[in-house]
$ cat final22.cif   # mmCIF, N, CA and C atoms
data_data
#
loop_
_atom_site.label_atom_id
_atom_site.label_comp_id
_atom_site.auth_asym_id
_atom_site.auth_seq_id
_atom_site.Cartn_x
_atom_site.Cartn_y
_atom_site.Cartn_z
N MET A 843 -10.24 56.73 1.55
CA MET A 843 -10.34 55.61 2.42
C MET A 843 -11.29 54.54 1.85
N GLU A 844 -12.35 54.96 1.23
CA GLU A 844 -13.30 54.02 0.62
C GLU A 844 -12.62 53.17 -0.46
N THR A 845 -11.75 53.81 -1.24
CA THR A 845 -11.06 53.10 -2.31
C THR A 845 -10.15 52.03 -1.74
N ARG A 846 -9.46 52.31 -0.67
CA ARG A 846 -8.55 51.35 -0.04
C ARG A 846 -9.32 50.13 0.47
N LYS A 847 -10.43 50.32 1.16
CA LYS A 847 -11.23 49.20 1.67
C LYS A 847 -11.74 48.33 0.53
N LEU A 848 -12.19 48.96 -0.56
CA LEU A 848 -12.70 48.22 -1.70
C LEU A 848 -11.59 47.38 -2.33
N THR A 849 -10.39 47.94 -2.46
CA THR A 849 -9.27 47.21 -3.03
C THR A 849 -8.89 46.03 -2.16
N ARG A 850 -8.87 46.23 -0.85
CA ARG A 850 -8.53 45.15 0.07
C ARG A 850 -9.56 44.04 -0.02
N ARG A 851 -10.85 44.39 -0.11
CA ARG A 851 -11.91 43.40 -0.20
C ARG A 851 -11.78 42.60 -1.49
N ILE A 852 -11.47 43.26 -2.58
CA ILE A 852 -11.32 42.57 -3.87
C ILE A 852 -10.12 41.64 -3.81
N ASN A 853 -9.01 42.10 -3.26
CA ASN A 853 -7.81 41.26 -3.18
C ASN A 853 -8.06 40.04 -2.32
N THR A 854 -8.73 40.19 -1.19
CA THR A 854 -9.03 39.06 -0.32
C THR A 854 -9.94 38.07 -1.03
N ARG A 855 -10.97 38.61 -1.70
CA ARG A 855 -11.91 37.74 -2.40
C ARG A 855 -11.21 37.00 -3.54
N SER A 856 -10.38 37.68 -4.31
CA SER A 856 -9.72 37.01 -5.43
C SER A 856 -8.72 35.97 -4.93
N LEU A 857 -8.05 36.25 -3.80
CA LEU A 857 -7.16 35.24 -3.22
C LEU A 857 -7.95 34.02 -2.77
N TRP A 858 -9.10 34.24 -2.17
CA TRP A 858 -9.93 33.12 -1.71
C TRP A 858 -10.37 32.27 -2.90
N TYR A 859 -10.83 32.93 -3.99
CA TYR A 859 -11.25 32.19 -5.18
C TYR A 859 -10.08 31.43 -5.80
N ALA A 860 -8.93 32.07 -5.86
CA ALA A 860 -7.76 31.40 -6.44
C ALA A 860 -7.38 30.17 -5.61
N GLY A 861 -7.41 30.30 -4.29
CA GLY A 861 -7.12 29.16 -3.43
C GLY A 861 -8.14 28.05 -3.60
N PHE A 862 -9.41 28.41 -3.68
CA PHE A 862 -10.48 27.44 -3.84
C PHE A 862 -10.34 26.69 -5.17
N LEU A 863 -10.06 27.44 -6.25
CA LEU A 863 -9.89 26.81 -7.56
C LEU A 863 -8.66 25.89 -7.57
N SER A 864 -7.61 26.30 -6.89
CA SER A 864 -6.41 25.46 -6.80
C SER A 864 -6.72 24.14 -6.12
N LEU A 865 -7.48 24.20 -5.03
CA LEU A 865 -7.86 22.97 -4.32
C LEU A 865 -8.70 22.05 -5.20
N ILE A 866 -9.61 22.63 -5.96
CA ILE A 866 -10.45 21.81 -6.86
C ILE A 866 -9.58 21.14 -7.92
N LEU A 867 -8.63 21.89 -8.50
CA LEU A 867 -7.75 21.31 -9.51
C LEU A 867 -6.89 20.19 -8.94
N ILE A 868 -6.38 20.38 -7.75
CA ILE A 868 -5.58 19.33 -7.10
C ILE A 868 -6.44 18.10 -6.87
N ALA A 869 -7.66 18.30 -6.38
CA ALA A 869 -8.56 17.16 -6.12
C ALA A 869 -8.88 16.42 -7.40
N LEU A 870 -9.10 17.14 -8.48
CA LEU A 870 -9.44 16.48 -9.74
C LEU A 870 -8.27 15.69 -10.32
N THR A 871 -7.06 16.20 -10.17
CA THR A 871 -5.92 15.45 -10.68
C THR A 871 -5.67 14.20 -9.86
N ALA A 872 -6.04 14.22 -8.58
CA ALA A 872 -5.88 13.04 -7.73
C ALA A 872 -6.88 11.96 -8.10
N CYS A 873 -7.91 12.31 -8.84
CA CYS A 873 -8.95 11.36 -9.21
C CYS A 873 -8.74 10.81 -10.61
N GLY A 874 -7.53 10.86 -11.10
CA GLY A 874 -7.24 10.34 -12.43
C GLY A 874 -7.31 8.83 -12.45
N PRO A 875 -7.01 8.26 -13.59
CA PRO A 875 -7.12 6.80 -13.72
C PRO A 875 -6.09 6.08 -12.85
N MET A 876 -6.48 4.92 -12.39
CA MET A 876 -5.58 4.06 -11.64
C MET A 876 -5.41 2.78 -12.45
N TYR A 877 -4.22 2.21 -12.38
CA TYR A 877 -3.93 1.01 -13.16
C TYR A 877 -3.52 -0.12 -12.25
N LYS A 878 -3.86 -1.33 -12.64
CA LYS A 878 -3.37 -2.50 -11.93
C LYS A 878 -2.78 -3.45 -12.95
N THR A 879 -1.76 -4.16 -12.50
CA THR A 879 -1.09 -5.12 -13.38
C THR A 879 -1.34 -6.52 -12.86
N GLU A 880 -1.85 -7.35 -13.72
CA GLU A 880 -2.01 -8.77 -13.42
C GLU A 880 -1.08 -9.53 -14.36
N TYR A 881 -0.68 -10.70 -13.94
CA TYR A 881 0.29 -11.46 -14.72
C TYR A 881 -0.32 -12.79 -15.14
N MET A 882 -0.22 -13.05 -16.43
CA MET A 882 -0.66 -14.33 -16.97
C MET A 882 0.58 -15.21 -17.10
N LEU A 883 0.50 -16.41 -16.58
CA LEU A 883 1.64 -17.33 -16.60
C LEU A 883 1.39 -18.44 -17.61
N GLU A 884 2.35 -18.59 -18.51
CA GLU A 884 2.30 -19.70 -19.47
C GLU A 884 3.39 -20.68 -19.09
N PRO A 885 3.03 -21.93 -18.78
CA PRO A 885 4.03 -22.90 -18.30
C PRO A 885 5.02 -23.30 -19.39
N PRO A 886 6.19 -23.74 -18.95
CA PRO A 886 7.19 -24.23 -19.92
C PRO A 886 6.69 -25.52 -20.57
N GLU A 887 7.25 -25.81 -21.72
CA GLU A 887 6.80 -26.98 -22.47
C GLU A 887 7.50 -28.26 -22.04
N THR A 888 8.67 -28.16 -21.44
CA THR A 888 9.42 -29.37 -21.09
C THR A 888 9.00 -29.90 -19.71
N GLN A 889 9.20 -31.18 -19.52
CA GLN A 889 8.89 -31.79 -18.23
C GLN A 889 9.81 -31.24 -17.14
N GLN A 890 11.06 -31.01 -17.52
CA GLN A 890 12.01 -30.44 -16.56
C GLN A 890 11.54 -29.04 -16.12
N GLY A 891 11.02 -28.26 -17.08
CA GLY A 891 10.47 -26.95 -16.76
C GLY A 891 9.26 -27.04 -15.84
N GLN A 892 8.43 -28.06 -16.06
CA GLN A 892 7.24 -28.27 -15.21
C GLN A 892 7.66 -28.56 -13.77
N ILE A 893 8.67 -29.39 -13.61
CA ILE A 893 9.17 -29.73 -12.27
C ILE A 893 9.75 -28.47 -11.61
N CYS A 894 10.45 -27.69 -12.42
CA CYS A 894 11.07 -26.47 -11.93
C CYS A 894 10.01 -25.49 -11.40
N ILE A 895 8.90 -25.31 -12.13
CA ILE A 895 7.89 -24.35 -11.67
C ILE A 895 7.15 -24.86 -10.43
N MET A 896 7.12 -26.17 -10.22
CA MET A 896 6.54 -26.68 -8.97
C MET A 896 7.41 -26.24 -7.79
N GLN A 897 8.73 -26.23 -8.00
CA GLN A 897 9.64 -25.74 -6.96
C GLN A 897 9.42 -24.24 -6.72
N CYS A 898 9.16 -23.50 -7.80
CA CYS A 898 8.87 -22.06 -7.66
C CYS A 898 7.63 -21.85 -6.79
N GLU A 899 6.63 -22.67 -7.02
CA GLU A 899 5.39 -22.54 -6.25
C GLU A 899 5.62 -22.87 -4.78
N GLN A 900 6.42 -23.88 -4.52
CA GLN A 900 6.75 -24.23 -3.13
C GLN A 900 7.51 -23.09 -2.46
N ASN A 901 8.43 -22.47 -3.20
CA ASN A 901 9.18 -21.34 -2.66
C ASN A 901 8.26 -20.16 -2.32
N ARG A 902 7.27 -19.90 -3.21
CA ARG A 902 6.33 -18.79 -2.96
C ARG A 902 5.48 -19.09 -1.73
N THR A 903 5.03 -20.32 -1.62
CA THR A 903 4.23 -20.71 -0.45
C THR A 903 5.04 -20.54 0.83
N GLN A 904 6.30 -20.95 0.80
CA GLN A 904 7.18 -20.80 1.97
C GLN A 904 7.39 -19.32 2.29
N CYS A 905 7.58 -18.51 1.28
CA CYS A 905 7.77 -17.07 1.46
C CYS A 905 6.54 -16.45 2.16
N LYS A 906 5.36 -16.81 1.67
CA LYS A 906 4.12 -16.29 2.27
C LYS A 906 3.97 -16.77 3.71
N ASN A 907 4.28 -18.03 3.96
CA ASN A 907 4.20 -18.57 5.32
C ASN A 907 5.16 -17.86 6.26
N ASN A 908 6.37 -17.53 5.76
CA ASN A 908 7.34 -16.80 6.58
C ASN A 908 6.81 -15.41 6.95
N LEU A 909 6.17 -14.74 6.00
CA LEU A 909 5.61 -13.42 6.29
C LEU A 909 4.48 -13.51 7.31
N LYS A 910 3.63 -14.51 7.15
CA LYS A 910 2.54 -14.70 8.10
C LYS A 910 3.08 -14.98 9.50
N SER A 911 4.11 -15.80 9.57
CA SER A 911 4.72 -16.15 10.85
C SER A 911 5.36 -14.91 11.50
N ALA A 912 6.03 -14.10 10.70
CA ALA A 912 6.66 -12.89 11.23
C ALA A 912 5.60 -11.93 11.77
N LEU A 913 4.46 -11.82 11.10
CA LEU A 913 3.38 -10.96 11.58
C LEU A 913 2.82 -11.49 12.90
N LYS A 914 2.60 -12.79 12.99
CA LYS A 914 2.10 -13.38 14.25
C LYS A 914 3.08 -13.16 15.38
N ASP A 915 4.38 -13.34 15.11
CA ASP A 915 5.40 -13.12 16.13
C ASP A 915 5.38 -11.67 16.61
N CYS A 916 5.29 -10.75 15.70
CA CYS A 916 5.25 -9.33 16.04
C CYS A 916 4.02 -9.01 16.90
N GLN A 917 2.88 -9.52 16.50
CA GLN A 917 1.65 -9.29 17.27
C GLN A 917 1.76 -9.89 18.66
N HIS A 918 2.36 -11.06 18.77
CA HIS A 918 2.54 -11.71 20.07
C HIS A 918 3.46 -10.89 20.96
N ARG A 919 4.58 -10.43 20.40
CA ARG A 919 5.49 -9.57 21.18
C ARG A 919 4.78 -8.31 21.67
N ASN A 920 3.93 -7.73 20.82
CA ASN A 920 3.20 -6.52 21.21
C ASN A 920 2.18 -6.80 22.31
N GLU A 921 1.56 -7.98 22.28
CA GLU A 921 0.62 -8.35 23.36
C GLU A 921 1.36 -8.44 24.69
N ILE A 922 2.52 -9.07 24.67
CA ILE A 922 3.32 -9.19 25.89
C ILE A 922 3.77 -7.81 26.37
N ALA A 923 4.21 -6.96 25.44
CA ALA A 923 4.65 -5.61 25.79
C ALA A 923 3.49 -4.80 26.37
N SER A 924 2.29 -4.99 25.85
CA SER A 924 1.11 -4.27 26.38
C SER A 924 0.81 -4.70 27.81
N ILE A 925 0.92 -5.99 28.07
CA ILE A 925 0.67 -6.50 29.42
C ILE A 925 1.71 -5.95 30.39
N LYS A 926 2.98 -5.96 29.97
CA LYS A 926 4.05 -5.42 30.83
C LYS A 926 3.82 -3.93 31.11
N LEU A 927 3.44 -3.18 30.10
CA LEU A 927 3.20 -1.75 30.28
C LEU A 927 2.02 -1.53 31.22
N GLU A 928 0.96 -2.27 31.02
CA GLU A 928 -0.22 -2.14 31.88
C GLU A 928 0.12 -2.47 33.34
N ASN A 929 0.87 -3.53 33.56
CA ASN A 929 1.28 -3.91 34.92
C ASN A 929 2.16 -2.83 35.55
N CYS A 930 3.04 -2.26 34.75
CA CYS A 930 3.93 -1.21 35.24
C CYS A 930 3.11 0.02 35.65
N LEU A 931 2.16 0.39 34.83
CA LEU A 931 1.33 1.56 35.14
C LEU A 931 0.46 1.32 36.38
N LYS A 932 -0.08 0.12 36.51
CA LYS A 932 -0.89 -0.21 37.68
C LYS A 932 -0.07 -0.18 38.96
N ALA A 933 1.21 -0.54 38.84
CA ALA A 933 2.09 -0.58 40.02
C ALA A 933 2.63 0.81 40.37
N ASP A 934 2.23 1.83 39.61
CA ASP A 934 2.69 3.21 39.84
C ASP A 934 4.21 3.33 39.88
N GLU A 935 4.87 2.60 39.01
CA GLU A 935 6.33 2.69 38.95
C GLU A 935 6.73 4.03 38.34
N MET A 936 7.94 4.46 38.64
CA MET A 936 8.41 5.77 38.19
C MET A 936 8.60 5.83 36.67
N THR A 937 9.14 4.78 36.10
CA THR A 937 9.36 4.78 34.65
C THR A 937 8.77 3.51 34.05
N CYS A 938 7.91 3.73 33.10
CA CYS A 938 7.31 2.63 32.35
C CYS A 938 7.61 2.87 30.88
N TYR A 939 7.95 1.82 30.17
CA TYR A 939 8.30 1.94 28.77
C TYR A 939 7.32 1.17 27.90
N ASP A 940 6.94 1.80 26.82
CA ASP A 940 6.09 1.15 25.82
C ASP A 940 7.01 0.58 24.75
N THR A 941 7.20 -0.72 24.77
CA THR A 941 8.14 -1.36 23.83
C THR A 941 7.44 -1.98 22.63
N ARG A 942 6.15 -1.67 22.46
CA ARG A 942 5.44 -2.18 21.29
C ARG A 942 6.03 -1.56 20.03
N THR A 943 6.03 -2.32 18.96
CA THR A 943 6.53 -1.84 17.67
C THR A 943 5.47 -2.08 16.60
N PRO A 944 5.43 -1.23 15.59
CA PRO A 944 4.44 -1.44 14.52
C PRO A 944 4.76 -2.74 13.77
N CYS A 945 3.73 -3.49 13.49
CA CYS A 945 3.88 -4.72 12.71
C CYS A 945 3.57 -4.40 11.25
N SER A 946 4.44 -4.86 10.38
CA SER A 946 4.22 -4.63 8.95
C SER A 946 3.00 -5.42 8.49
N PRO A 947 2.14 -4.80 7.70
CA PRO A 947 1.00 -5.55 7.17
C PRO A 947 1.47 -6.60 6.17
N LEU A 948 0.66 -7.61 5.99
CA LEU A 948 1.02 -8.66 5.03
C LEU A 948 1.05 -8.07 3.62
N ASP A 949 2.18 -8.24 2.96
CA ASP A 949 2.33 -7.79 1.59
C ASP A 949 3.12 -8.87 0.86
N PHE A 950 2.43 -9.60 0.03
CA PHE A 950 3.04 -10.73 -0.65
C PHE A 950 3.69 -10.34 -1.98
N GLU A 951 3.79 -9.05 -2.27
CA GLU A 951 4.30 -8.64 -3.58
C GLU A 951 5.72 -9.14 -3.82
N GLN A 952 6.58 -9.09 -2.81
CA GLN A 952 7.96 -9.58 -3.01
C GLN A 952 7.96 -11.08 -3.30
N CYS A 953 7.10 -11.83 -2.59
CA CYS A 953 7.00 -13.27 -2.86
C CYS A 953 6.54 -13.52 -4.30
N ASN A 954 5.57 -12.72 -4.74
CA ASN A 954 5.04 -12.87 -6.10
C ASN A 954 6.09 -12.49 -7.15
N LYS A 955 6.87 -11.43 -6.87
CA LYS A 955 7.94 -11.04 -7.81
C LYS A 955 8.96 -12.16 -7.96
N GLU A 956 9.38 -12.72 -6.82
CA GLU A 956 10.35 -13.81 -6.87
C GLU A 956 9.78 -15.01 -7.61
N HIS A 957 8.50 -15.26 -7.42
CA HIS A 957 7.85 -16.38 -8.11
C HIS A 957 7.85 -16.16 -9.62
N ARG A 958 7.54 -14.95 -10.05
CA ARG A 958 7.53 -14.67 -11.49
C ARG A 958 8.94 -14.81 -12.08
N TYR A 959 9.94 -14.34 -11.36
CA TYR A 959 11.32 -14.46 -11.83
C TYR A 959 11.71 -15.94 -11.94
N CYS A 960 11.37 -16.71 -10.92
CA CYS A 960 11.66 -18.15 -10.91
C CYS A 960 10.95 -18.84 -12.07
N TYR A 961 9.70 -18.47 -12.28
CA TYR A 961 8.87 -19.06 -13.34
C TYR A 961 9.53 -18.85 -14.70
N GLN A 962 10.01 -17.62 -14.93
CA GLN A 962 10.68 -17.33 -16.20
C GLN A 962 11.99 -18.10 -16.33
N SER A 963 12.72 -18.21 -15.22
CA SER A 963 14.01 -18.91 -15.30
C SER A 963 13.80 -20.40 -15.55
N CYS A 964 12.60 -20.91 -15.31
CA CYS A 964 12.28 -22.31 -15.60
C CYS A 964 11.82 -22.51 -17.04
N GLY A 965 11.73 -21.42 -17.78
CA GLY A 965 11.30 -21.52 -19.18
C GLY A 965 9.86 -21.13 -19.39
N GLY A 966 9.16 -20.73 -18.35
CA GLY A 966 7.79 -20.28 -18.49
C GLY A 966 7.74 -18.83 -18.95
N LYS A 967 6.56 -18.41 -19.38
CA LYS A 967 6.39 -17.02 -19.83
C LYS A 967 5.51 -16.28 -18.82
N VAL A 968 5.91 -15.04 -18.51
CA VAL A 968 5.15 -14.16 -17.64
C VAL A 968 4.70 -12.98 -18.48
N ILE A 969 3.40 -12.86 -18.66
CA ILE A 969 2.85 -11.82 -19.54
C ILE A 969 2.07 -10.82 -18.68
N PRO A 970 2.61 -9.59 -18.54
CA PRO A 970 1.89 -8.59 -17.76
C PRO A 970 0.69 -8.05 -18.53
N GLN A 971 -0.41 -7.84 -17.82
CA GLN A 971 -1.61 -7.26 -18.41
C GLN A 971 -2.02 -6.08 -17.54
N VAL A 972 -1.87 -4.87 -18.11
CA VAL A 972 -2.18 -3.65 -17.38
C VAL A 972 -3.60 -3.24 -17.74
N THR A 973 -4.41 -3.01 -16.71
CA THR A 973 -5.79 -2.58 -16.95
C THR A 973 -6.07 -1.33 -16.13
N CYS A 974 -6.91 -0.47 -16.68
CA CYS A 974 -7.33 0.74 -15.99
C CYS A 974 -8.44 0.37 -15.02
N VAL A 975 -8.30 0.86 -13.80
CA VAL A 975 -9.27 0.54 -12.76
C VAL A 975 -9.99 1.83 -12.37
N ASP A 976 -11.29 1.83 -12.47
CA ASP A 976 -12.08 3.00 -12.06
C ASP A 976 -12.53 2.79 -10.63
N SER A 977 -11.63 3.04 -9.69
CA SER A 977 -11.92 2.72 -8.30
C SER A 977 -12.89 3.70 -7.65
N TRP A 978 -13.03 4.90 -8.20
CA TRP A 978 -13.90 5.90 -7.58
C TRP A 978 -15.35 5.74 -8.03
N GLY A 979 -15.58 5.06 -9.16
CA GLY A 979 -16.94 4.87 -9.63
C GLY A 979 -17.48 6.09 -10.36
N TRP A 980 -16.60 7.05 -10.70
CA TRP A 980 -17.05 8.25 -11.35
C TRP A 980 -16.82 8.23 -12.86
N GLY A 981 -16.16 7.19 -13.34
CA GLY A 981 -15.90 7.10 -14.76
C GLY A 981 -14.79 8.03 -15.22
N LEU A 982 -13.91 8.43 -14.33
CA LEU A 982 -12.84 9.35 -14.70
C LEU A 982 -11.62 8.58 -15.17
N GLY A 983 -11.15 8.89 -16.35
CA GLY A 983 -9.87 8.37 -16.80
C GLY A 983 -9.90 7.06 -17.55
N CYS A 984 -10.87 6.20 -17.32
CA CYS A 984 -10.92 4.93 -18.03
C CYS A 984 -11.82 5.08 -19.25
N ASN A 985 -11.29 4.70 -20.39
CA ASN A 985 -12.09 4.81 -21.62
C ASN A 985 -12.75 3.48 -21.95
#
$ encode --input "final22.cif" --output "C-alpha coordinates"
Amino acid sequence: METRKLTRRINTRSLWYAGFLSLILIALTACGPMYKTEYMLEPPETQQGQICIMQCEQNRTQCKNNLKSALKDCQHRNEIASIKLENCLKADEMTCYDTRTPCSPLDFEQCNKEHRYCYQSCGGKVIPQVTCVDSWGWGLGCN
(Lines of atoms letter the chains of each structure in order from A and count residues from 1; the text may use other names and numbers.)
(Lines give C-alpha, C1' and ligand atoms only; values in the text may rest on other atoms or scores of the structure.)
Protein backbone atom coordinates (compact mmCIF):
# COMPACT_ATOMS: atom_id res chain seq x y z
CA MET A 1 0.00 0.00 0.00
CA GLU A 2 2.87 2.39 0.74
CA THR A 3 4.26 1.86 -2.75
CA ARG A 4 0.92 2.71 -4.38
CA LYS A 5 0.54 6.01 -2.45
CA LEU A 6 4.11 7.01 -3.32
CA THR A 7 3.53 6.29 -7.03
CA ARG A 8 0.30 8.28 -7.04
CA ARG A 9 2.01 11.22 -5.32
CA ILE A 10 4.86 11.19 -7.85
CA ASN A 11 2.45 11.00 -10.80
CA THR A 12 0.36 13.89 -9.48
CA ARG A 13 3.46 15.98 -8.81
CA SER A 14 4.97 15.27 -12.23
CA LEU A 15 1.66 16.12 -13.93
CA TRP A 16 1.51 19.39 -12.01
CA TYR A 17 5.09 20.27 -13.03
CA ALA A 18 4.44 19.34 -16.65
CA GLY A 19 1.32 21.52 -16.70
CA PHE A 20 3.16 24.41 -15.06
CA LEU A 21 6.06 24.19 -17.53
CA SER A 22 3.60 24.06 -20.44
CA LEU A 23 1.93 27.26 -19.24
CA ILE A 24 5.30 29.01 -18.94
CA LEU A 25 6.26 27.95 -22.48
CA ILE A 26 2.95 29.16 -23.87
CA ALA A 27 3.35 32.49 -22.07
CA LEU A 28 6.88 32.95 -23.38
CA THR A 29 5.90 32.27 -26.98
CA ALA A 30 3.11 34.84 -26.68
CA CYS A 31 5.74 37.42 -25.73
CA GLY A 32 7.63 37.15 -29.00
CA PRO A 33 8.40 40.08 -31.23
CA MET A 34 5.62 42.21 -32.63
CA TYR A 35 5.89 44.03 -35.93
CA LYS A 36 4.26 47.12 -37.31
CA THR A 37 4.20 48.31 -40.88
CA GLU A 38 4.37 51.96 -41.78
CA TYR A 39 4.16 53.22 -45.33
CA MET A 40 6.34 55.87 -46.89
CA LEU A 41 4.65 57.65 -49.79
CA GLU A 42 6.64 59.09 -52.68
CA PRO A 43 4.51 61.41 -54.85
CA PRO A 44 4.29 61.04 -58.61
CA GLU A 45 6.46 63.30 -60.71
CA THR A 46 3.80 64.55 -63.11
CA GLN A 47 1.36 67.36 -62.41
CA GLN A 48 -1.49 65.08 -63.45
CA GLY A 49 -0.29 62.57 -60.84
CA GLN A 50 -0.18 65.33 -58.21
CA ILE A 51 -3.80 66.26 -58.94
CA CYS A 52 -4.74 62.59 -58.83
CA ILE A 53 -3.25 62.06 -55.34
CA MET A 54 -5.15 65.10 -54.05
CA GLN A 55 -8.32 63.26 -55.08
CA CYS A 56 -7.03 60.18 -53.23
CA GLU A 57 -6.61 62.26 -50.09
CA GLN A 58 -10.13 63.66 -50.42
CA ASN A 59 -11.47 60.12 -50.80
CA ARG A 60 -9.63 58.99 -47.65
CA THR A 61 -10.95 61.94 -45.69
CA GLN A 62 -14.49 61.15 -46.86
CA CYS A 63 -14.03 57.48 -45.93
CA LYS A 64 -12.90 58.42 -42.40
CA ASN A 65 -15.79 60.88 -42.03
CA ASN A 66 -18.25 58.16 -43.09
CA LEU A 67 -16.88 55.81 -40.43
CA LYS A 68 -17.09 58.50 -37.77
CA SER A 69 -20.66 59.29 -38.79
CA ALA A 70 -21.65 55.61 -38.69
CA LEU A 71 -20.21 55.30 -35.16
CA LYS A 72 -22.11 58.39 -33.98
CA ASP A 73 -25.33 57.05 -35.53
CA CYS A 74 -24.86 53.70 -33.81
CA GLN A 75 -24.19 55.35 -30.44
CA HIS A 76 -27.26 57.56 -30.86
CA ARG A 77 -29.47 54.57 -31.69
CA ASN A 78 -28.14 52.79 -28.59
CA GLU A 79 -28.91 55.82 -26.39
CA ILE A 80 -32.50 55.82 -27.65
CA ALA A 81 -32.75 52.03 -27.16
CA SER A 82 -31.44 52.40 -23.58
CA ILE A 83 -34.07 55.03 -22.78
CA LYS A 84 -36.84 52.85 -24.25
CA LEU A 85 -35.64 49.83 -22.26
CA GLU A 86 -35.42 51.85 -19.05
CA ASN A 87 -38.94 53.24 -19.55
CA CYS A 88 -40.27 49.76 -20.26
CA LEU A 89 -38.70 48.35 -17.11
CA LYS A 90 -39.99 51.24 -14.98
CA ALA A 91 -43.49 50.66 -16.34
CA ASP A 92 -43.31 46.98 -15.24
CA GLU A 93 -44.33 45.80 -18.69
CA MET A 94 -44.42 42.06 -19.30
CA THR A 95 -41.88 42.04 -22.13
CA CYS A 96 -39.06 44.49 -22.55
CA TYR A 97 -36.48 44.17 -25.30
CA ASP A 98 -32.91 45.38 -25.32
CA THR A 99 -32.38 46.48 -28.92
CA ARG A 100 -28.92 47.97 -28.39
CA THR A 101 -26.27 46.69 -30.78
CA PRO A 102 -22.48 46.75 -30.48
CA CYS A 103 -20.91 49.66 -32.31
CA SER A 104 -17.79 48.90 -34.30
CA PRO A 105 -14.76 50.81 -33.05
CA LEU A 106 -13.16 53.28 -35.42
CA ASP A 107 -10.72 51.45 -37.67
CA PHE A 108 -9.37 53.47 -40.53
CA GLU A 109 -7.25 50.64 -41.97
CA GLN A 110 -9.59 50.03 -44.92
CA CYS A 111 -9.57 53.77 -45.72
CA ASN A 112 -5.77 53.76 -45.56
CA LYS A 113 -5.53 50.65 -47.79
CA GLU A 114 -7.74 52.27 -50.41
CA HIS A 115 -5.66 55.44 -50.18
CA ARG A 116 -2.42 53.55 -50.78
CA TYR A 117 -3.94 51.73 -53.76
CA CYS A 118 -5.22 55.03 -55.20
CA TYR A 119 -1.83 56.66 -54.58
CA GLN A 120 -0.07 53.93 -56.57
CA SER A 121 -2.59 54.10 -59.39
CA CYS A 122 -1.78 57.83 -59.67
CA GLY A 123 1.88 57.00 -60.25
CA GLY A 124 3.08 57.45 -56.69
CA LYS A 125 5.20 54.92 -54.82
CA VAL A 126 4.13 53.20 -51.61
CA ILE A 127 7.09 51.78 -49.71
CA PRO A 128 6.27 49.54 -46.74
CA GLN A 129 8.65 49.71 -43.78
CA VAL A 130 8.33 46.87 -41.28
CA THR A 131 9.79 47.47 -37.84
CA CYS A 132 9.98 45.28 -34.77
CA VAL A 133 8.09 46.74 -31.84
CA ASP A 134 9.04 45.81 -28.29
CA SER A 135 5.66 46.54 -26.77
CA TRP A 136 6.26 44.62 -23.53
CA GLY A 137 9.43 46.51 -22.60
CA TRP A 138 11.26 43.27 -21.85
CA GLY A 139 13.58 43.33 -24.84
CA LEU A 140 12.23 40.04 -26.18
CA GLY A 141 12.55 39.38 -29.88
CA CYS A 142 13.85 42.72 -31.14
CA ASN A 143 17.53 42.80 -31.98
$ atom_distance --input "final22.cif" --atom1 "CA of Ile925 (chain A)" --atom2 "CA of Cys945 (chain A)"
17.1 Å
$ resolve_selection --input "final22.cif" --expression "the PyMOL selection byres (((chain A and resi 891 and name CA) around 10) and name CA)" --output "ChimeraX atom specification"
/A:885-890,892-897,961-966
$ closest_residue --input "final22.cif" --among "A:Asp934, A:Glu928, A:Asp949, A:Glu884" --to "Lys906 (chain A)" --atoms "only N, CA and C atoms"
A:Asp949
$ residues_near_point --input "final22.cif" --point "(5.1, -15.5, -18.2)" --cutoff "5 Å" --atoms "only N, CA and C atoms" --output "ChimeraX atom specification"
/A:882-884,966-969
$ resolve_selection --input "final22.cif" --expression "the PyMOL selection byres (((chain A and resi 942 and name CA) around 8) and name CA)" --output "mmCIF file with N, CA and C atoms, in the frame of the given file"
data_model
loop_
_atom_site.group_PDB
_atom_site.id
_atom_site.type_symbol
_atom_site.label_atom_id
_atom_site.label_comp_id
_atom_site.auth_asym_id
_atom_site.auth_seq_id
_atom_site.Cartn_x
_atom_site.Cartn_y
_atom_site.Cartn_z
ATOM 1 N N ARG A 919 4.580 -10.430 20.400
ATOM 2 C CA ARG A 919 5.490 -9.570 21.180
ATOM 3 C C ARG A 919 4.780 -8.310 21.670
ATOM 4 N N ASN A 920 3.930 -7.730 20.820
ATOM 5 C CA ASN A 920 3.200 -6.520 21.210
ATOM 6 C C ASN A 920 2.180 -6.800 22.310
ATOM 7 N N ALA A 923 4.210 -6.960 25.440
ATOM 8 C CA ALA A 923 4.650 -5.610 25.790
ATOM 9 C C ALA A 923 3.490 -4.800 26.370
ATOM 10 N N SER A 924 2.290 -4.990 25.850
ATOM 11 C CA SER A 924 1.110 -4.270 26.380
ATOM 12 C C SER A 924 0.810 -4.700 27.810
ATOM 13 N N ASP A 940 6.940 1.800 26.820
ATOM 14 C CA ASP A 940 6.090 1.150 25.820
ATOM 15 C C ASP A 940 7.010 0.580 24.750
ATOM 16 N N THR A 941 7.200 -0.720 24.770
ATOM 17 C CA THR A 941 8.140 -1.360 23.830
ATOM 18 C C THR A 941 7.440 -1.980 22.630
ATOM 19 N N THR A 943 6.030 -2.320 18.960
ATOM 20 C CA THR A 943 6.530 -1.840 17.670
ATOM 21 C C THR A 943 5.470 -2.080 16.600
ATOM 22 N N PRO A 944 5.430 -1.230 15.590
ATOM 23 C CA PRO A 944 4.440 -1.440 14.520
ATOM 24 C C PRO A 944 4.760 -2.740 13.770
#
$ resolve_selection --input "final22.cif" --expression "the PyMOL selection byres (((chain A and resi 954 and name CA) around 10) and name CA)" --output "VMD selection string"
chain A and resid 881 899 902 to 903 905 to 906 949 to 953 955 to 960
$ closest_residue --input "final22.cif" --among "A:Thr973, A:Ser946, A:Asn929, A:Ser911" --to "Thr879 (chain A)" --atoms "only N, CA and C atoms"
A:Thr973
$ select_by_dssp --input "final22.cif" --residues "region 861-926 of chain A" --states "helix (DSSP H, G or I)" --output "MDAnalysis selection string"
chainID A and resid 861:872 889:926
$ atom_distance --input "final22.cif" --atom1 "CA of Tyr877 (chain A)" --atom2 "atom N of Pro970 (chain A)"
13.6 Å
$ atom_distance --input "final22.cif" --atom1 "CA of Cys938 (chain A)" --atom2 "CA of Cys916 (chain A)"
20.3 Å
